[in-house]
file target.tsv (TSV, C-alpha atoms and all ligand atoms)
chain	number	residue	atom	x	y	z
T	24	MET	CA	0.00	0.00	0.00
T	25	SER	CA	1.37	3.43	-0.87
T	26	LEU	CA	1.96	5.97	1.84
T	27	GLN	CA	-0.75	8.19	0.36
T	28	SER	CA	-3.46	5.56	0.50
T	29	ALA	CA	-2.37	4.67	4.04
T	30	ASP	CA	-2.89	8.34	4.96
T	31	ARG	CA	-6.30	8.36	3.35
T	32	LEU	CA	-7.31	5.23	5.19
T	33	SER	CA	-6.23	6.74	8.47
T	34	ALA	CA	-8.09	9.98	7.72
T	35	SER	CA	-11.23	8.06	6.82
T	36	GLY	CA	-11.59	6.68	10.31
T	37	THR	CA	-9.81	3.36	10.60
T	38	ASP	CA	-8.05	4.64	13.72
T	39	ASN	CA	-9.31	3.67	17.13
T	40	ALA	CA	-11.45	6.27	18.86
T	41	LEU	CA	-9.38	5.86	21.98
T	42	GLU	CA	-6.18	4.00	22.74
T	43	LEU	CA	-4.49	3.95	26.13
T	44	LYS	CA	-1.14	2.21	26.55
T	45	GLY	CA	0.50	1.63	29.91
T	46	VAL	CA	-1.34	4.50	31.60
T	47	SER	CA	-0.63	4.93	35.31
T	48	ARG	CA	-1.55	7.77	37.62
T	49	TYR	CA	-0.09	8.19	41.08
T	50	PHE	CA	-1.29	10.47	43.87
T	51	GLY	CA	1.79	10.48	46.07
T	52	ALA	CA	2.40	6.81	46.80
T	53	LEU	CA	-1.17	5.79	45.84
T	54	ALA	CA	-1.48	4.18	42.40
T	55	ALA	CA	-4.99	5.26	41.35
T	56	LEU	CA	-4.34	3.78	37.89
T	57	GLN	CA	-1.81	1.07	37.11
T	58	ASP	CA	-0.66	0.11	33.64
T	59	ILE	CA	-3.99	0.56	31.88
T	60	ASP	CA	-4.28	-0.67	28.29
T	61	LEU	CA	-7.61	0.21	26.73
T	62	THR	CA	-8.76	0.34	23.11
T	63	VAL	CA	-12.17	1.59	22.02
T	64	LYS	CA	-13.19	1.52	18.35
T	65	PRO	CA	-15.04	4.39	16.65
T	66	GLY	CA	-18.73	4.23	17.51
T	67	GLU	CA	-18.13	1.57	20.16
T	68	ARG	CA	-19.98	1.81	23.48
T	69	ARG	CA	-18.05	0.61	26.50
T	70	ALA	CA	-19.05	0.25	30.12
T	71	VAL	CA	-16.50	0.51	32.91
T	72	LEU	CA	-17.58	-1.20	36.11
T	73	GLY	CA	-15.72	-1.32	39.37
T	74	SER	CA	-15.75	-0.84	43.10
T	75	ASN	CA	-15.59	2.54	44.84
T	76	GLY	CA	-12.07	3.90	44.50
T	77	ALA	CA	-11.20	1.50	41.66
T	78	GLY	CA	-9.89	4.42	39.58
T	79	LYS	CA	-12.79	4.91	37.17
T	80	THR	CA	-13.09	8.69	37.50
T	81	THR	CA	-9.29	9.03	37.49
T	82	LEU	CA	-9.32	7.13	34.19
T	83	PHE	CA	-11.76	9.73	32.80
T	84	ASN	CA	-9.65	12.60	34.17
T	85	CYS	CA	-6.60	11.26	32.35
T	86	ILE	CA	-8.52	10.81	29.08
T	87	THR	CA	-9.92	14.37	29.24
T	88	GLY	CA	-6.60	15.94	30.30
T	89	ASP	CA	-7.92	17.14	33.66
T	90	PHE	CA	-5.02	15.08	35.10
T	91	LEU	CA	-1.86	14.12	33.26
T	92	PRO	CA	-0.99	10.45	33.53
T	93	THR	CA	2.20	9.68	35.44
T	94	THR	CA	3.22	7.19	32.73
T	95	GLY	CA	1.81	5.90	29.45
T	96	SER	CA	0.19	7.35	26.34
T	97	ILE	CA	-3.30	8.30	25.20
T	98	ARG	CA	-4.37	8.51	21.55
T	99	LEU	CA	-7.65	10.05	20.44
T	100	PHE	CA	-8.72	9.12	16.88
T	101	GLY	CA	-5.12	8.21	16.11
T	102	GLU	CA	-3.55	11.37	17.50
T	103	ASP	CA	-1.29	11.35	20.54
T	104	VAL	CA	-3.03	13.72	23.00
T	105	THR	CA	-1.23	12.54	26.15
T	106	ARG	CA	0.04	16.02	27.00
T	107	PHE	CA	-2.77	18.07	25.42
T	108	PRO	CA	-4.78	20.42	27.65
T	109	PRO	CA	-8.50	19.61	28.02
T	110	HIS	CA	-9.71	22.25	25.53
T	111	GLU	CA	-7.56	20.76	22.75
T	112	ARG	CA	-9.26	17.41	23.35
T	113	ILE	CA	-12.69	19.06	23.36
T	114	ARG	CA	-11.79	20.63	20.01
T	115	ARG	CA	-11.15	17.12	18.69
T	116	GLY	CA	-14.62	15.95	19.68
T	117	LEU	CA	-14.18	14.61	23.20
T	118	ARG	CA	-16.78	15.41	25.90
T	119	ARG	CA	-17.55	14.28	29.43
T	120	THR	CA	-20.18	14.46	32.11
T	121	TYR	CA	-19.28	14.70	35.78
T	122	GLN	CA	-20.18	12.46	38.68
T	123	ILE	CA	-21.38	15.58	40.52
T	124	SER	CA	-23.72	18.09	38.87
T	125	LEU	CA	-22.26	21.41	37.66
T	126	LEU	CA	-25.36	23.14	36.24
T	127	PHE	CA	-26.40	26.82	36.30
T	128	GLY	CA	-29.53	26.77	38.48
T	129	ASN	CA	-30.80	30.20	37.43
T	130	LEU	CA	-31.02	29.47	33.73
T	131	SER	CA	-33.73	27.67	31.81
T	132	VAL	CA	-33.08	24.28	30.25
T	133	ILE	CA	-33.00	25.66	26.73
T	134	ASP	CA	-30.72	28.56	27.70
T	135	ASN	CA	-28.26	26.16	29.34
T	136	VAL	CA	-28.11	24.04	26.21
T	137	TYR	CA	-27.97	27.06	23.92
T	138	LEU	CA	-25.00	28.47	25.86
T	139	ALA	CA	-23.23	25.11	25.66
T	140	CYS	CA	-23.74	25.04	21.88
T	141	ARG	CA	-22.53	28.63	21.57
T	142	GLY	CA	-19.54	27.99	23.82
T	143	VAL	CA	-18.38	25.05	21.74
T	144	SER	CA	-18.92	26.85	18.45
T	145	ARG	CA	-17.13	30.00	19.66
T	146	ALA	CA	-14.14	27.90	20.63
T	147	ARG	CA	-13.97	26.88	16.98
T	148	PHE	CA	-14.96	30.12	15.22
T	149	SER	CA	-13.96	32.88	17.56
T	150	LEU	CA	-15.09	35.75	15.26
T	151	ILE	CA	-18.65	34.56	14.85
T	152	ARG	CA	-21.12	36.00	17.35
T	153	PRO	CA	-24.44	34.38	16.60
T	154	SER	CA	-27.78	35.99	17.22
T	155	ARG	CA	-30.44	33.96	18.97
T	156	ASN	CA	-32.52	33.04	15.90
T	157	ASP	CA	-29.93	30.91	14.31
T	158	SER	CA	-28.94	27.34	13.74
T	159	LEU	CA	-27.43	27.12	17.21
T	160	MET	CA	-30.88	27.60	18.71
T	161	GLN	CA	-32.15	24.84	16.45
T	162	SER	CA	-29.31	22.59	17.64
T	163	ALA	CA	-30.20	23.42	21.23
T	164	HIS	CA	-33.84	22.41	20.66
T	165	ASP	CA	-32.73	19.18	18.98
T	166	LEU	CA	-30.52	18.33	21.96
T	167	VAL	CA	-33.27	19.11	24.48
T	168	ARG	CA	-35.49	16.69	22.55
T	169	ALA	CA	-32.73	14.05	22.37
T	170	VAL	CA	-32.59	13.92	26.18
T	171	HIS	CA	-36.40	13.87	26.53
T	172	LEU	CA	-36.69	17.31	28.12
T	173	ASP	CA	-38.98	18.96	25.51
T	174	ASP	CA	-41.72	19.47	28.07
T	175	ALA	CA	-39.32	21.10	30.53
T	176	SER	CA	-37.51	23.25	27.97
T	177	ALA	CA	-38.59	26.56	29.53
T	178	SER	CA	-38.19	25.40	33.15
T	179	MET	CA	-35.45	26.77	35.33
T	180	VAL	CA	-32.78	24.23	36.19
T	181	SER	CA	-33.56	24.70	39.88
T	182	GLU	CA	-37.13	23.47	39.21
T	183	LEU	CA	-36.00	20.21	37.60
T	184	SER	CA	-36.06	16.86	39.33
T	185	TYR	CA	-32.70	15.27	39.99
T	186	GLY	CA	-33.24	12.86	37.10
T	187	GLN	CA	-34.07	15.71	34.72
T	188	GLN	CA	-30.90	17.53	35.78
T	189	ARG	CA	-28.88	14.47	34.86
T	190	GLN	CA	-30.62	14.38	31.47
T	191	LEU	CA	-29.73	18.04	30.97
T	192	GLU	CA	-26.08	17.26	31.73
T	193	ILE	CA	-26.13	14.76	28.89
T	194	ALA	CA	-27.54	17.41	26.54
T	195	LEU	CA	-24.67	19.74	27.49
T	196	ALA	CA	-22.14	17.01	26.72
T	197	LEU	CA	-23.76	16.52	23.30
T	198	ALA	CA	-23.28	20.17	22.28
T	199	GLY	CA	-21.08	20.64	19.24
T	200	ALA	CA	-21.53	17.14	17.79
T	201	PRO	CA	-18.91	15.22	19.79
T	202	ARG	CA	-17.32	12.03	18.47
T	203	PHE	CA	-16.65	10.46	21.84
T	204	ILE	CA	-18.23	10.97	25.27
T	205	LEU	CA	-17.30	9.92	28.79
T	206	PHE	CA	-20.34	9.49	31.08
T	207	ASP	CA	-19.47	9.34	34.78
T	208	GLU	CA	-22.27	7.43	36.54
T	209	PRO	CA	-25.24	9.08	34.78
T	210	ALA	CA	-27.62	6.53	36.34
T	211	ALA	CA	-26.55	7.16	39.94
T	212	GLY	CA	-29.50	8.23	42.08
T	213	LEU	CA	-32.08	7.69	39.33
T	214	SER	CA	-35.42	5.97	39.88
T	215	PRO	CA	-36.18	2.77	37.92
T	216	ALA	CA	-38.33	4.76	35.45
T	217	GLU	CA	-35.60	7.36	34.99
T	218	ARG	CA	-33.10	4.57	34.36
T	219	GLN	CA	-35.27	3.25	31.55
T	220	ASP	CA	-35.39	6.75	30.11
T	221	LEU	CA	-31.59	7.03	30.32
T	222	ILE	CA	-31.17	3.69	28.54
T	223	ARG	CA	-33.38	4.94	25.69
T	224	ILE	CA	-31.51	8.25	25.46
T	225	LEU	CA	-28.15	6.48	25.21
T	226	ASN	CA	-29.32	3.86	22.74
T	227	ASP	CA	-30.85	6.55	20.49
T	228	LEU	CA	-27.58	8.49	20.15
T	229	PRO	CA	-26.21	8.54	16.57
T	230	ASN	CA	-24.33	5.34	15.74
T	231	HIS	CA	-21.01	7.04	15.07
T	232	MET	CA	-20.97	8.52	18.58
T	233	GLY	CA	-18.94	6.25	20.83
T	234	TYR	CA	-18.78	6.47	24.57
T	235	ILE	CA	-17.52	5.05	27.82
T	236	ILE	CA	-20.05	4.89	30.61
T	237	ILE	CA	-19.09	4.33	34.24
T	238	GLU	CA	-21.93	2.39	35.74
T	239	HIS	CA	-22.48	0.50	38.96
T	240	ASP	CA	-25.81	-1.00	37.91
T	241	MET	CA	-25.06	-4.11	35.86
T	242	ASP	CA	-28.60	-4.12	34.42
T	243	VAL	CA	-28.13	-0.64	32.96
T	244	ALA	CA	-24.57	-1.33	31.79
T	245	LEU	CA	-25.59	-4.50	29.97
T	246	ARG	CA	-28.21	-2.65	27.94
T	247	VAL	CA	-26.17	0.34	26.78
T	248	CYS	CA	-22.81	-1.11	25.75
T	249	GLN	CA	-21.17	-3.67	23.49
T	250	ARG	CA	-18.19	-4.35	25.75
T	251	VAL	CA	-17.45	-4.12	29.45
T	252	SER	CA	-14.15	-3.42	31.21
T	253	MET	CA	-13.91	-4.39	34.87
T	254	MET	CA	-11.70	-2.31	37.17
T	255	HIS	CA	-10.37	-3.06	40.62
T	256	ASN	CA	-7.59	-1.31	42.57
T	257	GLY	CA	-6.45	0.81	39.62
T	258	ARG	CA	-6.31	-2.02	37.12
T	259	ILE	CA	-8.53	-3.38	34.38
T	260	PHE	CA	-8.70	-7.06	35.30
T	261	LYS	CA	-11.26	-8.28	32.80
T	262	GLU	CA	-12.84	-7.27	29.50
T	263	GLY	CA	-15.57	-8.88	27.46
T	264	ARG	CA	-19.05	-8.78	26.02
T	265	PRO	CA	-21.77	-7.98	28.55
T	266	GLU	CA	-23.08	-11.55	28.68
T	267	GLU	CA	-19.54	-12.92	29.21
T	268	ILE	CA	-18.91	-10.49	32.05
T	269	GLU	CA	-22.26	-11.23	33.67
T	270	ALA	CA	-21.56	-14.98	33.61
T	271	ASP	CA	-17.97	-14.64	34.84
T	272	PRO	CA	-17.38	-16.37	38.21
T	273	GLU	CA	-14.71	-13.87	39.28
T	274	VAL	CA	-17.03	-10.93	38.58
T	275	GLN	CA	-19.92	-12.64	40.39
T	276	GLU	CA	-17.67	-13.33	43.35
T	277	LEU	CA	-16.67	-9.66	43.53
T	278	TYR	CA	-20.26	-8.45	43.23
T	279	LEU	CA	-21.84	-10.95	45.57
T	280	GLY	CA	-18.88	-11.19	47.92
T	281	GLY	CA	-19.13	-7.51	48.84
T	282	GLY	CA	-16.00	-6.44	46.94
T	283	PHE	CA	-18.18	-3.90	45.15
T	284	SER	CA	-19.81	-1.78	47.80
T	285	HIS	CA	-21.52	1.36	46.59
T	286	GLY	CA	-22.56	4.13	48.89
O	1	LIG	N1	-7.24	14.36	43.23
O	1	LIG	C1	-6.91	13.29	43.99
O	1	LIG	N2	-5.96	13.38	44.94
O	1	LIG	C2	-5.62	12.30	45.69
O	1	LIG	N3	-6.18	11.08	45.55
O	1	LIG	C3	-7.14	10.94	44.61
O	1	LIG	C4	-7.56	12.03	43.79
O	1	LIG	N4	-8.53	11.58	42.95
O	1	LIG	C5	-8.72	10.29	43.24
O	1	LIG	N5	-7.88	9.89	44.22
O	1	LIG	C6	-7.79	8.54	44.78
O	1	LIG	O1	-7.59	7.65	43.71
O	1	LIG	C7	-8.34	6.44	43.89
O	1	LIG	C8	-9.30	6.26	42.73
O	1	LIG	O2	-10.30	7.26	42.82
O	1	LIG	P1	-11.44	7.44	41.72
O	1	LIG	O3	-12.20	8.66	42.07
O	1	LIG	O4	-10.82	7.39	40.38
O	1	LIG	O5	-12.31	6.12	41.95
O	1	LIG	P2	-13.72	5.72	41.30
O	1	LIG	O6	-13.52	4.35	40.72
O	1	LIG	O7	-14.21	6.78	40.43
O	1	LIG	O8	-14.62	5.56	42.62
O	1	LIG	P3	-16.20	5.90	42.85
O	1	LIG	O9	-16.95	4.67	42.41
O	1	LIG	O10	-16.30	6.09	44.32
O	1	LIG	O11	-16.55	7.12	42.09
O	1	LIG	C9	-9.04	6.58	45.24
O	1	LIG	O12	-8.25	5.95	46.21
O	1	LIG	C10	-9.07	8.10	45.47
O	1	LIG	O13	-9.06	8.40	46.83
O	2	MG	MG	-15.86	7.99	40.40
call {"tool": "encode", "arguments": {"input": "target.tsv", "output": "structure tokens"}}
result
Amino acid sequence: MSLQSADRLSASGTDNALELKGVSRYFGALAALQDIDLTVKPGERRAVLGSNGAGKTTLFNCITGDFLPTTGSIRLFGEDVTRFPPHERIRRGLRRTYQISLLFGNLSVIDNVYLACRGVSRARFSLIRPSRNDSLMQSAHDLVRAVHLDDASASMVSELSYGQQRQLEIALALAGAPRFILFDEPAAGLSPAERQDLIRILNDLPNHMGYIIIEHDMDVALRVCQRVSMMHNGRIFKEGRPEEIEADPEVQELYLGGGFSHG
């Protein structure tokens, strides 16, 4: 194959969405992540399960650039971003949601989403200052609908239920057409009905949009991903299809034996 056609292939999306090699992160003497190898294909949906303190959020922080890894490398769609600041990764289509809510309570749902869309687009086209009747507003409405908040579009964030706030956080992460999203426990604290809603929202995302979801609830995880990675004490100790993971004796032992306690 000529070099040129190899370049074209790589530009046309044969690269992995995400590729971590030998990633470790220390906090003093504590190894929060140890020698993590992780590959996620474009459009793939991955669940990361693990006990409290396993290193799941630290893994996200290293992927987003909120923390630099102590060792190892991180590639995003083929590009080495290991030392890139967070905004450079956002520019390349990476988004995240946080385990703890960071919403503006005094804004309406639609205004929150509109500002997120404008923020992302301004980062790309700094000279454009859009008026309100533009395509960004249309995008904001589309995103509000995608997370099933149409009926609450004009509500203030402070009036939303906890579950609705979590749905809004997903809309914010979807602003600017990301290619890859990291969801940090979006189902935590949700009622059974809200969990069903979340599962539908995730499964209805465009096919090309890959993600990693941190999830304690095996029933949710199994329905929103194609592969599962199991973490314990800073390491990924098992990876497989949801049904393989569910049937795995070691995983069952950890879950039933109290190794996975969730507060
Ligand atoms: N900024 C930090 N400074 C020091 N230690 C940290 C920091 N962030 C995380 N840790 C430690 O690293 C380990 C992994 O934490 P992390 O938050 O990644 O776990 P987690 O798998 O997300 O847990 P949980 O299920 O409770 O959210 C824990 O021992 C935690 O105390
Ligand atoms: Mg966490």
call {"tool": "atom_distance", "arguments": {"input": "target.tsv", "atom1": "atom CA of Val243 of chain T", "atom2": "atom CA of Ala216 of chain T"}}
result
11.8 Å
call {"tool": "residues_near_point", "arguments": {"input": "target.tsv", "point": "(-38.2, 25.7, 40.3)", "cutoff": "10 Å", "atoms": "only C-alpha atoms", "output": "short mmCIF file (atom, residue, chain, number, x, y, z; two decimals) with C-alpha atoms, in the frame of the given file"}}
result
data_model
loop_
_atom_site.label_atom_id
_atom_site.label_comp_id
_atom_site.auth_asym_id
_atom_site.auth_seq_id
_atom_site.Cartn_x
_atom_site.Cartn_y
_atom_site.Cartn_z
CA GLY T 128 -29.53 26.77 38.48
CA ASN T 129 -30.80 30.20 37.43
CA SER T 131 -33.73 27.67 31.81
CA SER T 178 -38.19 25.40 33.15
CA MET T 179 -35.45 26.77 35.33
CA VAL T 180 -32.78 24.23 36.19
CA SER T 181 -33.56 24.70 39.88
CA GLU T 182 -37.13 23.47 39.21
CA LEU T 183 -36.00 20.21 37.60
CA SER T 184 -36.06 16.86 39.33
#
call {"tool": "closest_atom_pairs", "arguments": {"input": "target.tsv", "of": "chain T", "to": "ligand LIG 1 (chain O)", "cutoff": "12 Å", "atoms": "all atoms listed in the file", "output": "JSON lines"}}
result
{"residue": "T:Ser47", "atom": "CA", "partner": "O:LIG1", "partner_atom": "O1", "distance": 11.2}
{"residue": "T:Arg48", "atom": "CA", "partner": "O:LIG1", "partner_atom": "O1", "distance": 8.6}
{"residue": "T:Tyr49", "atom": "CA", "partner": "O:LIG1", "partner_atom": "O1", "distance": 8.0}
{"residue": "T:Phe50", "atom": "CA", "partner": "O:LIG1", "partner_atom": "C2", "distance": 5.0}
{"residue": "T:Gly51", "atom": "CA", "partner": "O:LIG1", "partner_atom": "C2", "distance": 7.6}
{"residue": "T:Ala52", "atom": "CA", "partner": "O:LIG1", "partner_atom": "N3", "distance": 9.7}
{"residue": "T:Leu53", "atom": "CA", "partner": "O:LIG1", "partner_atom": "O1", "distance": 7.0}
{"residue": "T:Ala54", "atom": "CA", "partner": "O:LIG1", "partner_atom": "O1", "distance": 7.1}
{"residue": "T:Ala55", "atom": "CA", "partner": "O:LIG1", "partner_atom": "O1", "distance": 4.2}
{"residue": "T:Leu56", "atom": "CA", "partner": "O:LIG1", "partner_atom": "C8", "distance": 7.4}
{"residue": "T:Gln57", "atom": "CA", "partner": "O:LIG1", "partner_atom": "C8", "distance": 10.7}
{"residue": "T:Val71", "atom": "CA", "partner": "O:LIG1", "partner_atom": "O6", "distance": 9.2}
{"residue": "T:Leu72", "atom": "CA", "partner": "O:LIG1", "partner_atom": "O6", "distance": 8.3}
{"residue": "T:Gly73", "atom": "CA", "partner": "O:LIG1", "partner_atom": "O6", "distance": 6.2}
{"residue": "T:Ser74", "atom": "CA", "partner": "O:LIG1", "partner_atom": "O9", "distance": 5.7}
{"residue": "T:Asn75", "atom": "CA", "partner": "O:LIG1", "partner_atom": "O9", "distance": 3.5}
{"residue": "T:Gly76", "atom": "CA", "partner": "O:LIG1", "partner_atom": "O5", "distance": 3.4}
{"residue": "T:Ala77", "atom": "CA", "partner": "O:LIG1", "partner_atom": "O6", "distance": 3.8}
{"residue": "T:Gly78", "atom": "CA", "partner": "O:LIG1", "partner_atom": "O4", "distance": 3.2}
{"residue": "T:Lys79", "atom": "CA", "partner": "O:LIG1", "partner_atom": "O6", "distance": 3.7}
{"residue": "T:Thr80", "atom": "CA", "partner": "O:LIG1", "partner_atom": "O7", "distance": 3.7}
{"residue": "T:Thr81", "atom": "CA", "partner": "O:LIG1", "partner_atom": "O4", "distance": 3.7}
{"residue": "T:Leu82", "atom": "CA", "partner": "O:LIG1", "partner_atom": "O4", "distance": 6.4}
{"residue": "T:Phe83", "atom": "CA", "partner": "O:LIG1", "partner_atom": "O4", "distance": 8.0}
{"residue": "T:Asn84", "atom": "CA", "partner": "O:LIG1", "partner_atom": "O4", "distance": 8.2}
{"residue": "T:Cys85", "atom": "CA", "partner": "O:LIG1", "partner_atom": "O4", "distance": 9.9}
{"residue": "T:Asp89", "atom": "CA", "partner": "O:LIG1", "partner_atom": "N1", "distance": 10.0}
{"residue": "T:Phe90", "atom": "CA", "partner": "O:LIG1", "partner_atom": "N1", "distance": 8.5}
{"residue": "T:Leu91", "atom": "CA", "partner": "O:LIG1", "partner_atom": "N1", "distance": 11.3}
{"residue": "T:Tyr121", "atom": "CA", "partner": "O:LIG1", "partner_atom": "O11", "distance": 10.2}
{"residue": "T:Gln122", "atom": "CA", "partner": "O:LIG1", "partner_atom": "O11", "distance": 7.3}
{"residue": "T:Ile123", "atom": "CA", "partner": "O:LIG1", "partner_atom": "O11", "distance": 9.9}
{"residue": "T:Phe206", "atom": "CA", "partner": "O:LIG1", "partner_atom": "O7", "distance": 11.5}
{"residue": "T:Asp207", "atom": "CA", "partner": "O:LIG1", "partner_atom": "O7", "distance": 8.1}
{"residue": "T:Glu208", "atom": "CA", "partner": "O:LIG1", "partner_atom": "O11", "distance": 8.0}
{"residue": "T:Pro209", "atom": "CA", "partner": "O:LIG1", "partner_atom": "O11", "distance": 11.5}
{"residue": "T:Ala211", "atom": "CA", "partner": "O:LIG1", "partner_atom": "O9", "distance": 10.2}
{"residue": "T:Ile236", "atom": "CA", "partner": "O:LIG1", "partner_atom": "O7", "distance": 11.6}
{"residue": "T:Ile237", "atom": "CA", "partner": "O:LIG1", "partner_atom": "O7", "distance": 8.3}
{"residue": "T:Glu238", "atom": "CA", "partner": "O:LIG1", "partner_atom": "O9", "distance": 8.6}
{"residue": "T:His239", "atom": "CA", "partner": "O:LIG1", "partner_atom": "O9", "distance": 7.7}
{"residue": "T:Asp240", "atom": "CA", "partner": "O:LIG1", "partner_atom": "O9", "distance": 11.4}
{"residue": "T:Met253", "atom": "CA", "partner": "O:LIG1", "partner_atom": "O6", "distance": 10.5}
{"residue": "T:Met254", "atom": "CA", "partner": "O:LIG1", "partner_atom": "O6", "distance": 7.8}
{"residue": "T:His255", "atom": "CA", "partner": "O:LIG1", "partner_atom": "O6", "distance": 8.1}
{"residue": "T:Asn256", "atom": "CA", "partner": "O:LIG1", "partner_atom": "C8", "distance": 7.8}
{"residue": "T:Gly257", "atom": "CA", "partner": "O:LIG1", "partner_atom": "C8", "distance": 6.9}
{"residue": "T:Arg258", "atom": "CA", "partner": "O:LIG1", "partner_atom": "O6", "distance": 10.3}
{"residue": "T:Ile259", "atom": "CA", "partner": "O:LIG1", "partner_atom": "O6", "distance": 11.2}
{"residue": "T:Phe283", "atom": "CA", "partner": "O:LIG1", "partner_atom": "O9", "distance": 9.1}
{"residue": "T:Ser284", "atom": "CA", "partner": "O:LIG1", "partner_atom": "O9", "distance": 8.9}
{"residue": "T:His285", "atom": "CA", "partner": "O:LIG1", "partner_atom": "O9", "distance": 7.0}
{"residue": "T:Gly286", "atom": "CA", "partner": "O:LIG1", "partner_atom": "O10", "distance": 8.0}
call {"tool": "write_last_selection", "arguments": {"input": "target.tsv", "atoms": "C-alpha atoms", "output": "PDB file, in the frame of the given file"}}
result
ATOM      1  CA  SER T  47      -0.630   4.930  35.310  1.00  0.00           C
ATOM      2  CA  ARG T  48      -1.550   7.770  37.620  1.00  0.00           C
ATOM      3  CA  TYR T  49      -0.090   8.190  41.080  1.00  0.00           C
ATOM      4  CA  PHE T  50      -1.290  10.470  43.870  1.00  0.00           C
ATOM      5  CA  GLY T  51       1.790  10.480  46.070  1.00  0.00           C
ATOM      6  CA  ALA T  52       2.400   6.810  46.800  1.00  0.00           C
ATOM      7  CA  LEU T  53      -1.170   5.790  45.840  1.00  0.00           C
ATOM      8  CA  ALA T  54      -1.480   4.180  42.400  1.00  0.00           C
ATOM      9  CA  ALA T  55      -4.990   5.260  41.350  1.00  0.00           C
ATOM     10  CA  LEU T  56      -4.340   3.780  37.890  1.00  0.00           C
ATOM     11  CA  GLN T  57      -1.810   1.070  37.110  1.00  0.00           C
ATOM     12  CA  VAL T  71     -16.500   0.510  32.910  1.00  0.00           C
ATOM     13  CA  LEU T  72     -17.580  -1.200  36.110  1.00  0.00           C
ATOM     14  CA  GLY T  73     -15.720  -1.320  39.370  1.00  0.00           C
ATOM     15  CA  SER T  74     -15.750  -0.840  43.100  1.00  0.00           C
ATOM     16  CA  ASN T  75     -15.590   2.540  44.840  1.00  0.00           C
ATOM     17  CA  GLY T  76     -12.070   3.900  44.500  1.00  0.00           C
ATOM     18  CA  ALA T  77     -11.200   1.500  41.660  1.00  0.00           C
ATOM     19  CA  GLY T  78      -9.890   4.420  39.580  1.00  0.00           C
ATOM     20  CA  LYS T  79     -12.790   4.910  37.170  1.00  0.00           C
ATOM     21  CA  THR T  80     -13.090   8.690  37.500  1.00  0.00           C
ATOM     22  CA  THR T  81      -9.290   9.030  37.490  1.00  0.00           C
ATOM     23  CA  LEU T  82      -9.320   7.130  34.190  1.00  0.00           C
ATOM     24  CA  PHE T  83     -11.760   9.730  32.800  1.00  0.00           C
ATOM     25  CA  ASN T  84      -9.650  12.600  34.170  1.00  0.00           C
ATOM     26  CA  CYS T  85      -6.600  11.260  32.350  1.00  0.00           C
ATOM     27  CA  ASP T  89      -7.920  17.140  33.660  1.00  0.00           C
ATOM     28  CA  PHE T  90      -5.020  15.080  35.100  1.00  0.00           C
ATOM     29  CA  LEU T  91      -1.860  14.120  33.260  1.00  0.00           C
ATOM     30  CA  TYR T 121     -19.280  14.700  35.780  1.00  0.00           C
ATOM     31  CA  GLN T 122     -20.180  12.460  38.680  1.00  0.00           C
ATOM     32  CA  ILE T 123     -21.380  15.580  40.520  1.00  0.00           C
ATOM     33  CA  PHE T 206     -20.340   9.490  31.080  1.00  0.00           C
ATOM     34  CA  ASP T 207     -19.470   9.340  34.780  1.00  0.00           C
ATOM     35  CA  GLU T 208     -22.270   7.430  36.540  1.00  0.00           C
ATOM     36  CA  PRO T 209     -25.240   9.080  34.780  1.00  0.00           C
ATOM     37  CA  ALA T 211     -26.550   7.160  39.940  1.00  0.00           C
ATOM     38  CA  ILE T 236     -20.050   4.890  30.610  1.00  0.00           C
ATOM     39  CA  ILE T 237     -19.090   4.330  34.240  1.00  0.00           C
ATOM     40  CA  GLU T 238     -21.930   2.390  35.740  1.00  0.00           C
ATOM     41  CA  HIS T 239     -22.480   0.500  38.960  1.00  0.00           C
ATOM     42  CA  ASP T 240     -25.810  -1.000  37.910  1.00  0.00           C
ATOM     43  CA  MET T 253     -13.910  -4.390  34.870  1.00  0.00           C
ATOM     44  CA  MET T 254     -11.700  -2.310  37.170  1.00  0.00           C
ATOM     45  CA  HIS T 255     -10.370  -3.060  40.620  1.00  0.00           C
ATOM     46  CA  ASN T 256      -7.590  -1.310  42.570  1.00  0.00           C
ATOM     47  CA  GLY T 257      -6.450   0.810  39.620  1.00  0.00           C
ATOM     48  CA  ARG T 258      -6.310  -2.020  37.120  1.00  0.00           C
ATOM     49  CA  ILE T 259      -8.530  -3.380  34.380  1.00  0.00           C
ATOM     50  CA  PHE T 283     -18.180  -3.900  45.150  1.00  0.00           C
ATOM     51  CA  SER T 284     -19.810  -1.780  47.800  1.00  0.00           C
ATOM     52  CA  HIS T 285     -21.520   1.360  46.590  1.00  0.00           C
ATOM     53  CA  GLY T 286     -22.560   4.130  48.890  1.00  0.00           C
TER      54      GLY T 286
END
call {"tool": "residues_around", "arguments": {"input": "target.tsv", "residues": "Ala198 of chain T", "least_positions_apart": "3", "cutoff": "10 Å", "atoms": "all atoms listed in the file", "output": "list in words"}}
result
Gly116, Arg118, Val136, Tyr137, Leu138, Ala139, Cys140, Arg141, Gly142, Val143, Ser144, Leu159, Ser162, Ala163, Leu166, Ile193, Ala194, Leu195 and Pro201 of chain T
call {"tool": "write_last_selection", "arguments": {"input": "target.tsv", "atoms": "C-alpha atoms", "output": "compact mmCIF listing (two decimals), in the frame of the given file"}}
result
# COMPACT_ATOMS: atom_id res chain seq x y z
CA GLY T 116 -14.62 15.95 19.68
CA ARG T 118 -16.78 15.41 25.90
CA VAL T 136 -28.11 24.04 26.21
CA TYR T 137 -27.97 27.06 23.92
CA LEU T 138 -25.00 28.47 25.86
CA ALA T 139 -23.23 25.11 25.66
CA CYS T 140 -23.74 25.04 21.88
CA ARG T 141 -22.53 28.63 21.57
CA GLY T 142 -19.54 27.99 23.82
CA VAL T 143 -18.38 25.05 21.74
CA SER T 144 -18.92 26.85 18.45
CA LEU T 159 -27.43 27.12 17.21
CA SER T 162 -29.31 22.59 17.64
CA ALA T 163 -30.20 23.42 21.23
CA LEU T 166 -30.52 18.33 21.96
CA ILE T 193 -26.13 14.76 28.89
CA ALA T 194 -27.54 17.41 26.54
CA LEU T 195 -24.67 19.74 27.49
CA PRO T 201 -18.91 15.22 19.79
